[in-house]
file target15.txt (compact mmCIF, C-alpha atoms and all ligand atoms)
# COMPACT_ATOMS: atom_id res chain seq x y z
CA MET X 163 26.31 10.58 180.55
CA ALA X 164 22.97 12.39 180.29
CA ASP X 165 20.39 11.14 177.80
CA GLU X 166 20.64 13.74 175.03
CA ARG X 167 17.26 12.81 173.58
CA LEU X 168 15.80 15.13 176.22
CA ILE X 169 16.06 18.83 175.37
CA VAL X 170 14.89 21.17 178.12
CA ALA X 171 13.34 24.45 176.94
CA LEU X 172 14.80 27.52 178.65
CA ASP X 173 11.83 29.82 178.13
CA PHE X 174 13.11 32.52 180.50
CA HIS X 175 13.97 36.21 180.26
CA THR X 176 17.10 36.31 182.38
CA LEU X 177 20.45 34.58 182.65
CA ASP X 178 19.93 34.15 186.39
CA ASP X 179 16.89 31.98 185.75
CA VAL X 180 18.89 29.98 183.22
CA GLU X 181 21.80 29.44 185.60
CA ARG X 182 19.45 28.40 188.40
CA LEU X 183 17.69 25.76 186.33
CA VAL X 184 20.92 24.44 184.79
CA ASP X 185 22.38 24.20 188.31
CA ASP X 186 19.28 22.39 189.56
CA LEU X 187 19.29 19.89 186.70
CA GLY X 188 23.04 19.32 186.95
CA SER X 189 24.39 16.30 185.14
CA SER X 190 20.93 14.85 184.46
CA VAL X 191 20.38 17.18 181.46
CA ASN X 192 22.91 18.01 178.78
CA PHE X 193 20.79 19.53 175.99
CA TYR X 194 18.92 22.84 176.20
CA LYS X 195 16.67 24.80 173.88
CA VAL X 196 17.16 28.55 173.62
CA GLY X 197 14.16 30.14 171.96
CA MET X 198 13.27 33.65 170.91
CA GLU X 199 12.05 34.71 174.35
CA LEU X 200 15.43 34.10 175.95
CA PHE X 201 17.63 35.01 172.98
CA TYR X 202 15.87 38.33 172.37
CA SER X 203 16.16 39.16 176.08
CA VAL X 204 19.75 38.30 176.83
CA GLY X 205 21.41 37.80 173.44
CA PRO X 206 24.21 35.49 172.31
CA VAL X 207 25.85 35.43 175.75
CA VAL X 208 23.42 32.69 176.77
CA VAL X 209 24.91 30.36 174.15
CA GLU X 210 28.43 31.12 175.40
CA ARG X 211 27.35 30.49 178.99
CA LEU X 212 25.78 27.13 178.20
CA LYS X 213 28.77 26.12 176.05
CA SER X 214 31.18 27.01 178.84
CA ARG X 215 29.22 24.60 181.04
CA GLY X 216 29.62 21.84 178.46
CA LYS X 217 25.97 21.88 177.40
CA LYS X 218 24.53 21.38 173.92
CA ILE X 219 22.18 23.96 172.43
CA PHE X 220 19.21 23.84 170.12
CA LEU X 221 18.90 27.48 169.04
CA ASP X 222 15.22 27.63 168.17
CA LEU X 223 14.96 30.93 166.28
CA LYS X 224 12.82 29.60 163.40
CA LEU X 225 14.32 31.58 160.52
CA HIS X 226 11.96 32.46 157.67
CA ASP X 227 13.00 34.93 154.95
CA ILE X 228 14.40 34.97 151.43
CA PRO X 229 17.11 32.32 150.78
CA ASN X 230 20.07 34.70 150.89
CA THR X 231 19.01 36.26 154.18
CA VAL X 232 18.29 32.94 155.88
CA ALA X 233 21.63 31.52 154.69
CA GLY X 234 23.46 34.55 156.13
CA GLY X 235 21.49 34.41 159.37
CA LEU X 236 22.28 30.74 159.88
CA CYS X 237 25.98 31.35 159.27
CA SER X 238 25.96 34.04 161.95
CA LEU X 239 24.26 31.70 164.39
CA MET X 240 26.69 28.89 163.61
CA ASN X 241 29.51 31.14 164.71
CA LEU X 242 27.96 31.23 168.19
CA GLY X 243 28.43 27.47 168.53
CA ALA X 244 24.87 26.12 168.53
CA ASP X 245 24.40 22.39 167.85
CA ILE X 246 20.98 22.58 166.19
CA LEU X 247 19.50 25.51 164.22
CA ASN X 248 16.12 25.72 162.51
CA VAL X 249 14.15 27.34 159.72
CA HIS X 250 10.51 27.25 158.61
CA ALA X 251 9.91 24.64 155.91
CA SER X 252 7.24 26.93 154.48
CA GLY X 253 10.14 29.14 153.31
CA GLY X 254 10.45 26.62 150.47
CA LEU X 255 12.87 24.17 148.90
CA THR X 256 15.23 26.82 147.52
CA MET X 257 15.48 28.63 150.82
CA MET X 258 16.32 25.41 152.66
CA GLN X 259 18.76 24.26 149.97
CA LYS X 260 20.66 27.55 149.88
CA ALA X 261 20.73 27.67 153.66
CA ALA X 262 22.13 24.15 153.96
CA GLU X 263 24.73 24.75 151.22
CA ALA X 264 25.90 28.07 152.67
CA LEU X 265 26.18 26.66 156.15
CA HIS X 266 28.17 23.60 155.09
CA ALA X 267 30.50 25.75 152.99
CA GLN X 268 31.04 28.19 155.84
CA ALA X 269 31.66 25.37 158.34
CA GLN X 270 34.27 23.90 156.02
CA ARG X 271 35.96 27.29 155.54
CA CYS X 272 36.11 27.84 159.28
CA GLY X 273 37.10 24.27 160.11
CA VAL X 274 34.20 23.83 162.53
CA GLU X 275 31.59 21.12 162.82
CA CYS X 276 28.45 22.07 160.94
CA PRO X 277 25.42 22.31 163.22
CA LYS X 278 22.35 20.25 162.36
CA VAL X 279 19.64 22.24 160.61
CA ILE X 280 16.04 21.17 161.01
CA ALA X 281 12.79 22.53 159.59
CA ILE X 282 9.60 23.51 161.37
CA THR X 283 6.78 21.68 159.61
CA VAL X 284 3.40 22.86 160.92
CA LEU X 285 3.45 24.57 164.31
CA THR X 286 2.26 22.04 166.84
CA SER X 287 -0.03 24.63 168.40
CA ILE X 288 -2.17 24.68 165.24
CA GLY X 289 -5.08 22.28 165.41
CA GLU X 290 -7.50 21.25 162.65
CA ALA X 291 -9.93 24.02 163.67
CA GLU X 292 -7.56 26.87 162.77
CA TRP X 293 -5.61 25.11 160.02
CA PHE X 294 -5.63 27.13 156.79
CA GLY X 295 -3.87 24.82 154.31
CA ALA X 296 -5.49 22.98 151.40
CA LYS X 297 -4.06 19.62 152.54
CA LYS X 298 -4.78 17.93 155.85
CA ILE X 299 -2.18 18.71 158.54
CA PRO X 300 -0.48 15.25 158.54
CA GLU X 301 -0.17 15.28 154.76
CA GLN X 302 1.29 18.80 154.79
CA VAL X 303 3.72 17.84 157.57
CA VAL X 304 5.02 14.86 155.59
CA ASP X 305 5.34 16.99 152.45
CA PHE X 306 7.37 19.56 154.37
CA ALA X 307 9.54 16.82 155.89
CA LYS X 308 10.28 15.29 152.48
CA THR X 309 11.09 18.73 151.04
CA ALA X 310 13.43 19.46 153.94
CA GLN X 311 15.19 16.16 153.39
CA ARG X 312 15.51 16.84 149.66
CA ALA X 313 16.99 20.24 150.48
CA GLY X 314 19.74 18.54 152.53
CA LEU X 315 18.42 19.38 156.00
CA ASP X 316 18.98 16.98 158.89
CA GLY X 317 15.46 16.69 160.20
CA VAL X 318 12.30 18.43 161.31
CA VAL X 319 10.36 19.75 164.25
CA ALA X 320 6.92 18.16 164.31
CA SER X 321 4.20 17.12 166.69
CA PRO X 322 4.61 13.66 168.23
CA GLN X 323 1.50 12.48 166.40
CA GLU X 324 3.08 13.02 163.00
CA ALA X 325 6.45 11.50 163.92
CA ARG X 326 5.47 8.03 162.73
CA LEU X 327 4.43 9.22 159.27
CA ILE X 328 7.63 11.24 158.95
CA ARG X 329 9.77 8.30 160.01
CA GLU X 330 8.09 6.12 157.38
CA ALA X 331 8.51 8.79 154.68
CA CYS X 332 12.05 9.95 155.48
CA GLY X 333 13.81 6.83 156.78
CA GLU X 334 16.02 6.14 159.77
CA ASN X 335 18.66 8.86 159.71
CA PHE X 336 16.37 11.84 159.98
CA LEU X 337 16.02 13.88 163.17
CA ILE X 338 12.48 14.29 164.46
CA VAL X 339 12.34 16.78 167.30
CA THR X 340 8.98 16.82 169.04
CA PRO X 341 7.62 19.47 171.40
CA GLY X 342 4.19 19.14 172.99
CA ILE X 343 5.30 16.38 175.36
CA ARG X 344 3.73 15.82 178.76
CA PRO X 345 4.70 13.18 181.33
CA ALA X 346 2.35 10.22 181.70
CA GLY X 347 -0.52 11.13 184.02
CA ALA X 348 -0.21 14.91 183.47
CA ASN X 349 -3.43 16.89 183.50
CA ILE X 350 -3.88 18.15 179.93
CA ASP X 351 -6.81 20.19 178.61
CA ASP X 352 -6.18 19.69 174.92
CA GLN X 353 -4.91 16.21 174.10
CA SER X 354 -4.93 16.74 170.33
CA ARG X 355 -1.26 17.28 169.50
CA ILE X 356 0.30 16.27 172.82
CA ALA X 357 1.93 12.95 173.72
CA THR X 358 3.82 11.27 176.54
CA PRO X 359 7.58 10.75 176.22
CA ALA X 360 7.07 7.02 175.63
CA ALA X 361 4.47 7.59 172.92
CA ALA X 362 6.60 10.18 171.11
CA LEU X 363 9.64 7.90 171.09
CA ALA X 364 7.54 4.93 169.98
CA ASN X 365 6.33 7.05 167.07
CA GLY X 366 9.91 7.66 165.97
CA ALA X 367 10.88 10.93 167.66
CA THR X 368 14.64 11.30 168.16
CA HIS X 369 14.45 14.24 170.59
CA LEU X 370 11.81 15.50 173.02
CA VAL X 371 11.58 19.19 173.84
CA ILE X 372 10.07 19.71 177.28
CA GLY X 373 9.74 22.99 179.17
CA ARG X 374 6.96 23.76 181.61
CA PRO X 375 6.62 20.29 183.16
CA ILE X 376 10.24 20.62 184.31
CA ARG X 377 10.58 24.39 184.86
CA ALA X 378 7.34 24.65 186.84
CA ALA X 379 8.00 21.61 189.01
CA GLN X 380 8.79 22.15 192.69
CA ASN X 381 11.79 19.93 192.18
CA PRO X 382 12.90 20.27 188.53
CA ARG X 383 15.58 17.60 188.83
CA GLU X 384 13.09 15.08 190.15
CA ALA X 385 10.67 15.98 187.33
CA ALA X 386 13.42 15.59 184.73
CA GLU X 387 14.56 12.26 186.22
CA LYS X 388 10.99 10.97 186.10
CA ILE X 389 10.73 11.92 182.41
CA LEU X 390 14.13 10.35 181.71
CA SER X 391 13.04 7.14 183.36
CA GLU X 392 9.85 7.15 181.24
CA MET X 393 12.12 7.57 178.20
CA ARG X 394 14.35 4.70 179.25
CA GLY X 395 11.35 2.43 179.64
CA ALA X 396 9.97 3.35 176.21
O1 LIG L 1 4.94 23.40 176.63
P1 LIG L 1 6.40 23.35 176.94
O2 LIG L 1 6.83 24.36 177.95
O3 LIG L 1 6.89 21.96 177.28
O4 LIG L 1 7.09 23.76 175.59
C1 LIG L 1 8.48 23.65 175.36
C2 LIG L 1 8.79 24.24 174.02
O5 LIG L 1 8.16 23.52 173.00
C3 LIG L 1 8.37 25.71 173.87
O6 LIG L 1 9.54 26.47 173.94
C4 LIG L 1 7.72 25.80 172.52
O7 LIG L 1 8.56 26.46 171.58
C5 LIG L 1 7.56 24.37 172.06
N1 LIG L 1 6.13 23.97 171.94
C6 LIG L 1 5.61 23.75 170.70
N2 LIG L 1 4.30 23.32 170.57
C7 LIG L 1 3.54 23.10 171.65
C8 LIG L 1 4.07 23.29 172.93
C9 LIG L 1 5.39 23.75 173.03
O8 LIG L 1 6.30 23.95 169.70
N3 LIG L 1 2.30 22.66 171.49
call {"tool": "encode", "arguments": {"input": "target15.txt", "output": "structure tokens"}}
result
Amino acid sequence: MADERLIVALDFHTLDDVERLVDDLGSSVNFYKVGMELFYSVGPVVVERLKSRGKKIFLDLKLHDIPNTVAGGLCSLMNLGADILNVHASGGLTMMQKAAEALHAQAQRCGVECPKVIAITVLTSIGEAEWFGAKKIPEQVVDFAKTAQRAGLDGVVASPQEARLIREACGENFLIVTPGIRPAGANIDDQSRIATPAAALANGATHLVIGRPIRAAQNPREAAEKILSEMRGA
């Protein structure tokens, strides 16, 4: 059984690229992230394709709009069969609350399992230099995480650096999905909001989203196995 803490980002434009990577990774990876690049290029069929191969999907479309619209959008996405959906926490408590309520109600009506909904805190690409908020980034991230939890969401997306603070603030049963992960020894220009798999897990991350280090590797399966073994040793 593949370690589902690893979510591989399918940042492609075509289904052929998706199929090739999923073939290459085989049984070593069971969880994939479909983001806006892929979804806007190929549409919902990618979710069907991955589902038909028995894979789990984090549909990373980062919804952000008025409560009614986000709630409706999430319900549409749930019908595709995604396992994790997300919204921007900056949309506010009411937006997240309404979204969670609508989704749970719709899941119950349809007799399907409700997907997990997580909130983007502060985009991990934003460093202190370009941060515009009144609070410091870690404080804002924890505030967003607590608001998401209060709204009934299942977790957050956050940088691996902030995972520890979120874990302390939100307790054990809260998903913390961290992008910005690079294998130990990788050559990284900007270390600020990047971590190794072991460090992210030690900080309390439940899932690691990794794309380029696997997609760009000459042997993606070998690269994924190396990351998985780092995760096992963490
Ligand atoms: O950089 P990498 O290819 O591993 O990124 C995988 C995914 O993580 C991307 O699809 C992107 O949405 C997300 N990411 C992020 N913040 C970063 C780097 C990547 O949210 N600093």
call {"tool": "residues_around", "arguments": {"input": "target15.txt", "residues": "Asp185 in chain X", "least_positions_apart": "5", "cutoff": "12 Å", "atoms": "all atoms listed in the file", "output": "MDAnalysis selection string"}}
result
chainID X and resid 177:180 190:192 212 215 217 382:383
call {"tool": "closest_residue", "arguments": {"input": "target15.txt", "among": "X:Ser252, X:Gln259, X:Gln323, X:Ser214", "to": "ligand LIG 1 (chain L)", "atoms": "all atoms listed in the file"}}
result
X:Gln323
call {"tool": "atom_distance", "arguments": {"input": "target15.txt", "atom1": "CA of Pro229 in chain X", "atom2": "CA of Gly314 in chain X"}}
result
14.1 Å
call {"tool": "closest_atom_pairs", "arguments": {"input": "target15.txt", "of": "chain X", "to": "ligand LIG 1 (chain L)", "cutoff": "6 Å", "atoms": "all atoms listed in the file", "output": "JSON lines"}}
result
{"residue": "X:Ala171", "atom": "CA", "partner": "L:LIG1", "partner_atom": "C1", "distance": 5.2}
{"residue": "X:Asp173", "atom": "CA", "partner": "L:LIG1", "partner_atom": "O6", "distance": 5.8}
{"residue": "X:Thr286", "atom": "CA", "partner": "L:LIG1", "partner_atom": "N2", "distance": 4.4}
{"residue": "X:Ser287", "atom": "CA", "partner": "L:LIG1", "partner_atom": "N3", "distance": 4.3}
{"residue": "X:Pro341", "atom": "CA", "partner": "L:LIG1", "partner_atom": "O5", "distance": 4.4}
{"residue": "X:Gly342", "atom": "CA", "partner": "L:LIG1", "partner_atom": "C8", "distance": 4.2}
{"residue": "X:Val371", "atom": "CA", "partner": "L:LIG1", "partner_atom": "O5", "distance": 5.6}
{"residue": "X:Ile372", "atom": "CA", "partner": "L:LIG1", "partner_atom": "O3", "distance": 3.9}
{"residue": "X:Gly373", "atom": "CA", "partner": "L:LIG1", "partner_atom": "O2", "distance": 3.4}
{"residue": "X:Arg374", "atom": "CA", "partner": "L:LIG1", "partner_atom": "O2", "distance": 3.7}
call {"tool": "residues_near_point", "arguments": {"input": "target15.txt", "point": "(29.3, 22.2, 157.5)", "cutoff": "12 Å", "atoms": "only C-alpha atoms", "output": "PyMOL selection string"}}
result
chain X and resi 236-237+240-241+245+261-279+314-316
call {"tool": "atom_distance", "arguments": {"input": "target15.txt", "atom1": "CA of Ala307 in chain X", "atom2": "CA of Asp165 in chain X"}}
result
25.1 Å
call {"tool": "atom_distance", "arguments": {"input": "target15.txt", "atom1": "CA of Ser391 in chain X", "atom2": "CA of Tyr194 in chain X"}}
result
18.2 Å
